[in-house]
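Quick look at input.txt (compact mmCIF, C-alpha atoms):
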```
# COMPACT_ATOMS: atom_id res chain seq x y z
CA MET A 228 284.71 9.11 -109.36
CA THR A 229 285.36 5.86 -107.51
CA GLN A 230 288.42 4.07 -108.81
CA ARG A 231 288.12 0.33 -109.26
CA MET A 232 290.90 -1.90 -107.98
CA SER A 233 292.46 -3.96 -110.75
CA GLN A 234 292.33 -7.73 -110.50
CA PRO A 235 295.64 -9.43 -109.61
CA ASP A 236 297.61 -11.11 -112.39
CA VAL A 237 297.80 -14.38 -110.43
CA PRO A 238 294.81 -15.70 -108.50
CA GLY A 239 295.44 -17.15 -105.07
CA ARG A 240 295.92 -20.87 -104.61
CA ILE A 241 293.41 -23.01 -102.74
CA VAL A 242 294.15 -26.01 -100.51
CA ILE A 243 291.18 -28.04 -99.30
CA LEU A 244 291.83 -30.39 -96.38
CA ASN A 245 289.06 -32.98 -96.23
CA GLY A 246 288.71 -35.37 -93.33
CA PRO A 247 286.67 -36.36 -90.27
CA PRO A 248 286.63 -34.41 -87.00
CA ARG A 249 289.80 -34.76 -84.90
CA ALA A 250 291.82 -35.90 -87.90
CA GLY A 251 294.24 -33.01 -87.41
CA LYS A 252 293.10 -30.61 -90.11
CA SER A 253 293.17 -27.49 -87.93
CA SER A 254 296.79 -28.11 -86.92
CA ILE A 255 297.79 -28.40 -90.57
CA VAL A 256 295.93 -25.16 -91.35
CA THR A 257 297.94 -23.40 -88.64
CA GLU A 258 301.23 -24.69 -90.08
CA ILE A 259 300.26 -23.54 -93.57
CA GLN A 260 299.31 -20.07 -92.34
CA ASN A 261 302.50 -19.75 -90.29
CA THR A 262 305.04 -21.15 -92.75
CA PHE A 263 303.86 -20.77 -96.36
CA ASP A 264 304.82 -17.73 -98.41
CA GLY A 265 302.12 -15.15 -98.94
CA VAL A 266 298.79 -14.61 -97.23
CA TRP A 267 296.79 -17.77 -96.50
CA MET A 268 293.23 -17.16 -95.33
CA ASN A 269 291.42 -19.80 -93.28
CA LEU A 270 287.89 -20.14 -94.68
CA GLY A 271 286.99 -23.55 -93.35
CA VAL A 272 283.96 -25.20 -91.83
CA ASP A 273 284.79 -24.18 -88.27
CA ARG A 274 284.79 -20.49 -89.28
CA PHE A 275 281.40 -20.81 -90.93
CA LYS A 276 279.95 -22.77 -88.03
CA ALA A 277 281.01 -19.96 -85.70
CA MET A 278 279.02 -17.48 -87.80
CA THR A 279 275.87 -19.61 -87.81
CA PRO A 280 273.09 -18.79 -85.31
CA GLU A 281 272.78 -21.25 -82.45
CA ARG A 282 269.32 -22.45 -83.47
CA PHE A 283 270.71 -23.62 -86.83
CA GLN A 284 273.69 -25.50 -85.39
CA PRO A 285 275.60 -27.58 -86.29
CA GLY A 286 274.84 -26.03 -89.65
CA ILE A 287 277.57 -26.72 -92.15
CA GLY A 288 279.10 -29.22 -89.73
CA LEU A 289 276.07 -31.52 -89.84
CA ARG A 290 277.41 -35.04 -89.37
CA PRO A 291 276.54 -38.09 -91.49
CA GLY A 292 273.47 -40.10 -90.69
CA ALA A 293 270.45 -37.98 -91.67
CA GLU A 294 269.84 -36.86 -88.08
CA ARG A 295 268.54 -33.37 -89.02
CA PRO A 296 266.77 -33.45 -92.42
CA ASP A 297 265.25 -30.08 -91.58
CA LEU A 298 268.72 -28.48 -91.66
CA GLU A 299 269.89 -30.06 -94.90
CA PRO A 300 268.60 -27.35 -97.30
CA LEU A 301 270.42 -24.75 -95.20
CA VAL A 302 273.60 -26.84 -95.25
CA VAL A 303 273.51 -26.82 -99.06
CA THR A 304 273.19 -23.03 -99.08
CA LEU A 305 275.95 -22.58 -96.50
CA TYR A 306 278.37 -24.66 -98.56
CA ARG A 307 277.54 -22.58 -101.63
CA ALA A 308 278.21 -19.41 -99.67
CA MET A 309 281.49 -20.77 -98.31
CA TYR A 310 282.81 -21.80 -101.71
CA ASP A 311 281.72 -18.58 -103.38
CA ALA A 312 283.69 -16.77 -100.65
CA ILE A 313 286.70 -19.00 -101.31
CA ALA A 314 286.54 -18.20 -105.02
CA ALA A 315 286.21 -14.46 -104.31
CA HIS A 316 289.32 -14.46 -102.10
CA SER A 317 291.30 -16.36 -104.74
CA ARG A 318 290.26 -13.92 -107.49
CA LEU A 319 291.67 -11.11 -105.34
CA GLY A 320 295.04 -12.85 -105.14
CA LEU A 321 294.61 -14.28 -101.63
CA ASN A 322 295.56 -17.88 -100.97
CA VAL A 323 292.96 -19.94 -99.11
CA VAL A 324 293.23 -23.02 -96.91
CA VAL A 325 290.01 -24.84 -96.07
CA ASP A 326 289.36 -27.46 -93.40
CA ALA A 327 286.29 -29.43 -94.46
CA GLY A 328 284.39 -32.62 -93.74
CA HIS A 329 282.58 -33.29 -97.00
CA HIS A 330 280.11 -36.17 -97.10
CA ASP A 331 276.85 -36.98 -98.86
CA ASN A 332 275.30 -39.13 -96.15
CA TYR A 333 272.15 -37.05 -95.73
CA SER A 334 268.50 -38.07 -95.85
CA ALA A 335 268.87 -37.86 -99.65
CA PRO A 336 271.91 -37.26 -101.88
CA ARG A 337 272.67 -33.54 -101.98
CA GLY A 338 275.61 -33.44 -104.42
CA ILE A 339 277.28 -30.74 -102.35
CA LEU A 340 280.89 -31.63 -103.19
CA ARG A 341 280.29 -31.64 -106.94
CA ASP A 342 278.52 -28.28 -106.71
CA CYS A 343 281.43 -26.87 -104.67
CA ALA A 344 283.94 -28.13 -107.23
CA ASP A 345 281.97 -26.44 -110.00
CA ARG A 346 282.17 -23.13 -108.11
CA LEU A 347 285.97 -23.36 -108.15
CA ARG A 348 286.22 -24.30 -111.81
CA GLY A 349 289.40 -22.80 -113.28
CA HIS A 350 291.07 -22.16 -109.92
CA PHE A 351 294.21 -23.87 -108.60
CA VAL A 352 292.71 -26.31 -106.06
CA LEU A 353 294.80 -28.93 -104.25
CA PHE A 354 292.44 -31.50 -102.73
CA VAL A 355 294.08 -33.19 -99.73
CA GLY A 356 292.65 -36.17 -97.85
CA VAL A 357 293.47 -36.03 -94.13
CA ARG A 358 293.26 -39.46 -92.57
CA CYS A 359 293.88 -41.07 -89.22
CA PRO A 360 292.63 -44.33 -87.67
CA VAL A 361 289.33 -44.18 -85.80
CA GLU A 362 291.10 -45.17 -82.59
CA VAL A 363 293.42 -42.18 -82.86
CA ALA A 364 290.50 -39.81 -83.41
CA LEU A 365 288.72 -41.25 -80.36
CA GLU A 366 291.83 -40.79 -78.23
CA ARG A 367 292.11 -37.17 -79.36
CA ARG A 368 288.47 -36.61 -78.43
CA ARG A 369 289.09 -38.05 -74.97
CA ALA A 370 292.18 -35.88 -74.54
CA THR A 371 290.16 -32.77 -75.43
CA TRP A 372 286.79 -33.44 -73.83
CA GLY A 373 287.46 -36.23 -71.35
CA GLY A 374 284.67 -38.77 -71.27
CA ALA A 375 282.30 -36.56 -73.23
CA GLY A 376 281.40 -37.95 -76.62
CA TYR A 377 278.72 -37.53 -79.21
CA ARG A 378 275.19 -37.29 -77.95
CA THR A 379 273.46 -40.64 -78.18
CA SER A 380 271.19 -41.07 -81.16
CA THR A 381 268.97 -43.97 -82.14
CA SER A 382 269.59 -43.20 -85.81
CA ILE A 383 273.39 -43.12 -85.59
CA ALA A 384 274.91 -46.22 -84.03
CA ASP A 385 278.56 -45.29 -84.43
CA PRO A 386 278.96 -41.62 -85.46
CA VAL A 387 282.76 -41.59 -85.30
CA SER A 388 283.19 -44.58 -87.61
CA LEU A 389 280.47 -43.21 -89.88
CA TRP A 390 282.38 -39.94 -90.25
CA HIS A 391 285.55 -41.79 -91.23
CA GLU A 392 283.71 -43.82 -93.87
CA ALA A 393 281.46 -41.13 -95.32
CA VAL A 394 283.99 -38.31 -95.60
CA HIS A 395 286.27 -40.20 -98.01
CA ALA A 396 283.56 -41.99 -100.02
CA HIS A 397 283.70 -39.55 -102.96
CA GLY A 398 286.88 -41.00 -104.51
CA GLY A 399 290.41 -39.73 -105.04
CA TYR A 400 292.59 -36.86 -103.88
CA ASP A 401 295.65 -35.07 -105.23
CA LEU A 402 297.47 -35.93 -102.00
CA GLU A 403 296.71 -37.88 -98.83
CA VAL A 404 298.32 -37.54 -95.40
CA ASP A 405 298.01 -39.68 -92.27
CA THR A 406 298.27 -37.60 -89.12
CA SER A 407 298.82 -40.65 -86.94
CA VAL A 408 302.31 -41.00 -88.43
CA LEU A 409 303.04 -37.46 -89.69
CA SER A 410 303.25 -34.25 -87.67
CA PRO A 411 301.33 -31.14 -88.80
CA ARG A 412 304.64 -29.65 -90.00
CA GLU A 413 305.42 -32.78 -92.04
CA CYS A 414 301.94 -32.71 -93.58
CA ALA A 415 302.32 -29.04 -94.46
CA ASP A 416 305.74 -29.72 -96.01
CA LEU A 417 304.25 -32.43 -98.24
CA ILE A 418 301.53 -30.02 -99.33
CA ARG A 419 304.08 -27.28 -100.07
CA ARG A 420 306.22 -29.63 -102.16
CA ARG A 421 303.21 -30.77 -104.16
CA ILE A 422 302.23 -27.16 -104.87
CA GLU A 423 305.76 -26.19 -105.88
CA ASP A 424 306.86 -29.32 -107.75
CA GLY A 425 303.59 -30.56 -109.26
CA PRO A 426 302.03 -32.21 -111.05
CA PRO A 427 299.18 -29.72 -111.30
CA PRO A 428 296.23 -30.70 -109.12
CA SER A 429 293.21 -32.24 -110.85
CA ALA A 430 291.22 -34.23 -108.28
CA PHE A 431 288.78 -31.47 -107.38
CA GLN A 432 288.01 -30.59 -110.98
CA ARG A 433 287.44 -34.26 -111.83
CA LEU A 434 284.50 -34.14 -109.44
CA VAL A 435 282.77 -31.73 -111.79
```
Could you take the file, read its structure, and then write that structure out as structure tokens?
Amino acid sequence: MTQRMSQPDVPGRIVILNGPPRAGKSSIVTEIQNTFDGVWMNLGVDRFKAMTPERFQPGIGLRPGAERPDLEPLVVTLYRAMYDAIAAHSRLGLNVVVDAGHHDNYSAPRGILRDCADRLRGHFVLFVGVRCPVEVALERRRATWGGAGYRTSTSIADPVSLWHEAVHAHGGYDLEVDTSVLSPRECADLIRRRIEDGPPPSAFQRLV
């Protein structure tokens, strides 16, 4: 007879880092994985993009501006899959850190963030806004890719600025960090202190 594994007494904690591309989320994820106690799994957007077939890219990373309405139904499904996976890891006692770029600037409102919050109802979820000035993000892009930028699009006049506006349009966070003035280690330390010292997080559940 197959023996079932018992569920852990304490579910894993979840930290969601929400911000535009090049805001510094990935560096904070690395610090959390390297310095926090316990196992912290990285189940963010970049991981799910890497699993998505090329013909459906950018998939879950679809930027604001309604440039690919044909992909939007898939994006909704991919977010549901990602958050169900996050919840499953937490139920097994694994901590999860997520780098995300949530927005609702599609061809029509999709309500993705609210649906994701509902899927984590009852879990410990610290919702962290990761900010940096647009100029800093542009400089980081130039440092990484040289002169290469976003592909030109007649429907998106300023995609970088649009990201920075759309990704934080939902409202409040439990904690916000500015990576133009704080190092990844300093951001991670602030997140650790908030987890350890409270108050309990509530921003993500308020979205429901």
Using all atoms listed in the file: which of A:Val242, A:Val237, A:Ile313, A:Ile259 has the shortest distance to A:Phe275 |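 The closest residue to A:Phe275 is A:Ile313.
When all atoms listed in the file are used to compute distances to A:Ala327, the closest of the residues A:Leu409, A:Val357, A:Ala293, A:Ala415 turns out to be A:Val357.
Between atom CA of A:Val303 and atom CA of A:His330 lies a distance of 11.6 Å.
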Contacts of A:Val361 at 10 Å or less, counting all atoms listed in the file, minus same-chain residues fewer than 6 places along, as a compact mmCIF listing (two decimals) with C-alpha atoms, keeping the file's coordinate frame?
```
# COMPACT_ATOMS: atom_id res chain seq x y z
CA PRO A 247 286.67 -36.36 -90.27
CA ARG A 249 289.80 -34.76 -84.90
CA ALA A 250 291.82 -35.90 -87.90
CA ARG A 367 292.11 -37.17 -79.36
CA VAL A 387 282.76 -41.59 -85.30
CA SER A 388 283.19 -44.58 -87.61
CA LEU A 389 280.47 -43.21 -89.88
CA TRP A 390 282.38 -39.94 -90.25
CA HIS A 391 285.55 -41.79 -91.23
CA GLU A 392 283.71 -43.82 -93.87
```
What gap, in Å, lies between atom CA of A:Asp345 and atom CA of A:Pro411?
->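 For atom CA of A:Asp345 relative to atom CA of A:Pro411, the distance reads 29.1 Å.
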Write out as a ChimeraX atom specification which residues come within 12 Å of A:Pro336 when counting all atoms listed in the file, dropping same-chain ones fewer than 5 positions away.
-> /A:291-293,296,299-300,303,330-331,341
Write the selection just made, keeping C-alpha atoms, as a PDB file, keeping the file's coordinate frame?
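New file result.pdb:
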```
ATOM      1  CA  PRO A 291     276.540 -38.090 -91.490  1.00  0.00           C
ATOM      2  CA  GLY A 292     273.470 -40.100 -90.690  1.00  0.00           C
ATOM      3  CA  ALA A 293     270.450 -37.980 -91.670  1.00  0.00           C
ATOM      4  CA  PRO A 296     266.770 -33.450 -92.420  1.00  0.00           C
ATOM      5  CA  GLU A 299     269.890 -30.060 -94.900  1.00  0.00           C
ATOM      6  CA  PRO A 300     268.600 -27.350 -97.300  1.00  0.00           C
ATOM      7  CA  VAL A 303     273.510 -26.820 -99.060  1.00  0.00           C
ATOM      8  CA  HIS A 330     280.110 -36.170 -97.100  1.00  0.00           C
ATOM      9  CA  ASP A 331     276.850 -36.980 -98.860  1.00  0.00           C
ATOM     10  CA  ARG A 341     280.290 -31.640-106.940  1.00  0.00           C
TER      11      ARG A 341
END
```
Quick one: pull the distance between atom CA of A:Val302 and atom CA of A:Ser429, Å, one decimal.
->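 Interatomic distance here is 25.6 Å.
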For A:Thr262, the nearest of the candidates A:Arg358, A:Arg433, A:Arg337, A:Arg412, counting only C-alpha atoms |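 With only C-alpha atoms as the atom set, the closest residue is A:Arg412.
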Which residue gives the smallest distance to A:Val435 among A:Pro238, A:Pro386, A:Gly338, A:Gly356, with only C-alpha atoms counted?
->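 The closest residue to A:Val435 is A:Gly338.
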Fewer than 6 positions away in the same chain doesn't count, so skip those; otherwise give me all residues within 12 Å of A:Ile241, counting all atoms listed in the file, as a ChimeraX atom specification.
-> /A:256,259,266-271,310,312-318,320-326,344,347-355,418-419,422,428,431
Edge lengths and centre, in Å to one decimal, as lines of an AutoDock Vina configuration file: that's what I need for the box along x, y and z that holds all listed atoms of stretch 343-352 of chain A plus 6 Å on each side.
```
center_x = 287.8
center_y = -25.1
center_z = -109.0
size_x = 24.8
size_y = 18.0
size_z = 20.6
```
Give me, as a JSON list (two decimals) with C-alpha atoms, in the frame of the given file, all polymer residues having an atom no more than 10 Å from A:Ser407, counting all atoms listed in the file and skipping those fewer than 6 positions away in the same chain.
```
[["chain", "number", "residue", "atom", "x", "y", "z"],
["A", 250, "ALA", "CA", 291.82, -35.90, -87.90],
["A", 251, "GLY", "CA", 294.24, -33.01, -87.41],
["A", 358, "ARG", "CA", 293.26, -39.46, -92.57],
["A", 359, "CYS", "CA", 293.88, -41.07, -89.22],
["A", 360, "PRO", "CA", 292.63, -44.33, -87.67],
["A", 362, "GLU", "CA", 291.10, -45.17, -82.59],
["A", 363, "VAL", "CA", 293.42, -42.18, -82.86],
["A", 364, "ALA", "CA", 290.50, -39.81, -83.41]]
```
Residues within 12 Å of stretch 280-282 of chain A, all atoms listed in the file, excluding chain neighbours under 5 positions, as a VMD selection string = chain A and resid 275 287 297 to 298 301
Can you find the residues with an atom no farther than 6 Å from (282.2, -35.6, -101.4), counting all atoms listed in the file, and report them as a list of chain:residue names?
-> A:His329, A:His330, A:Leu340, A:His397
Please, could you write that set of residues out with C-alpha atoms as an mmCIF file, in the frame of the given file?
```
data_model
loop_
_atom_site.group_PDB
_atom_site.id
_atom_site.type_symbol
_atom_site.label_atom_id
_atom_site.label_comp_id
_atom_site.auth_asym_id
_atom_site.auth_seq_id
_atom_site.Cartn_x
_atom_site.Cartn_y
_atom_site.Cartn_z
ATOM 1 C CA HIS A 329 282.580 -33.290 -97.000
ATOM 2 C CA HIS A 330 280.110 -36.170 -97.100
ATOM 3 C CA LEU A 340 280.890 -31.630 -103.190
ATOM 4 C CA HIS A 397 283.700 -39.550 -102.960
#
```
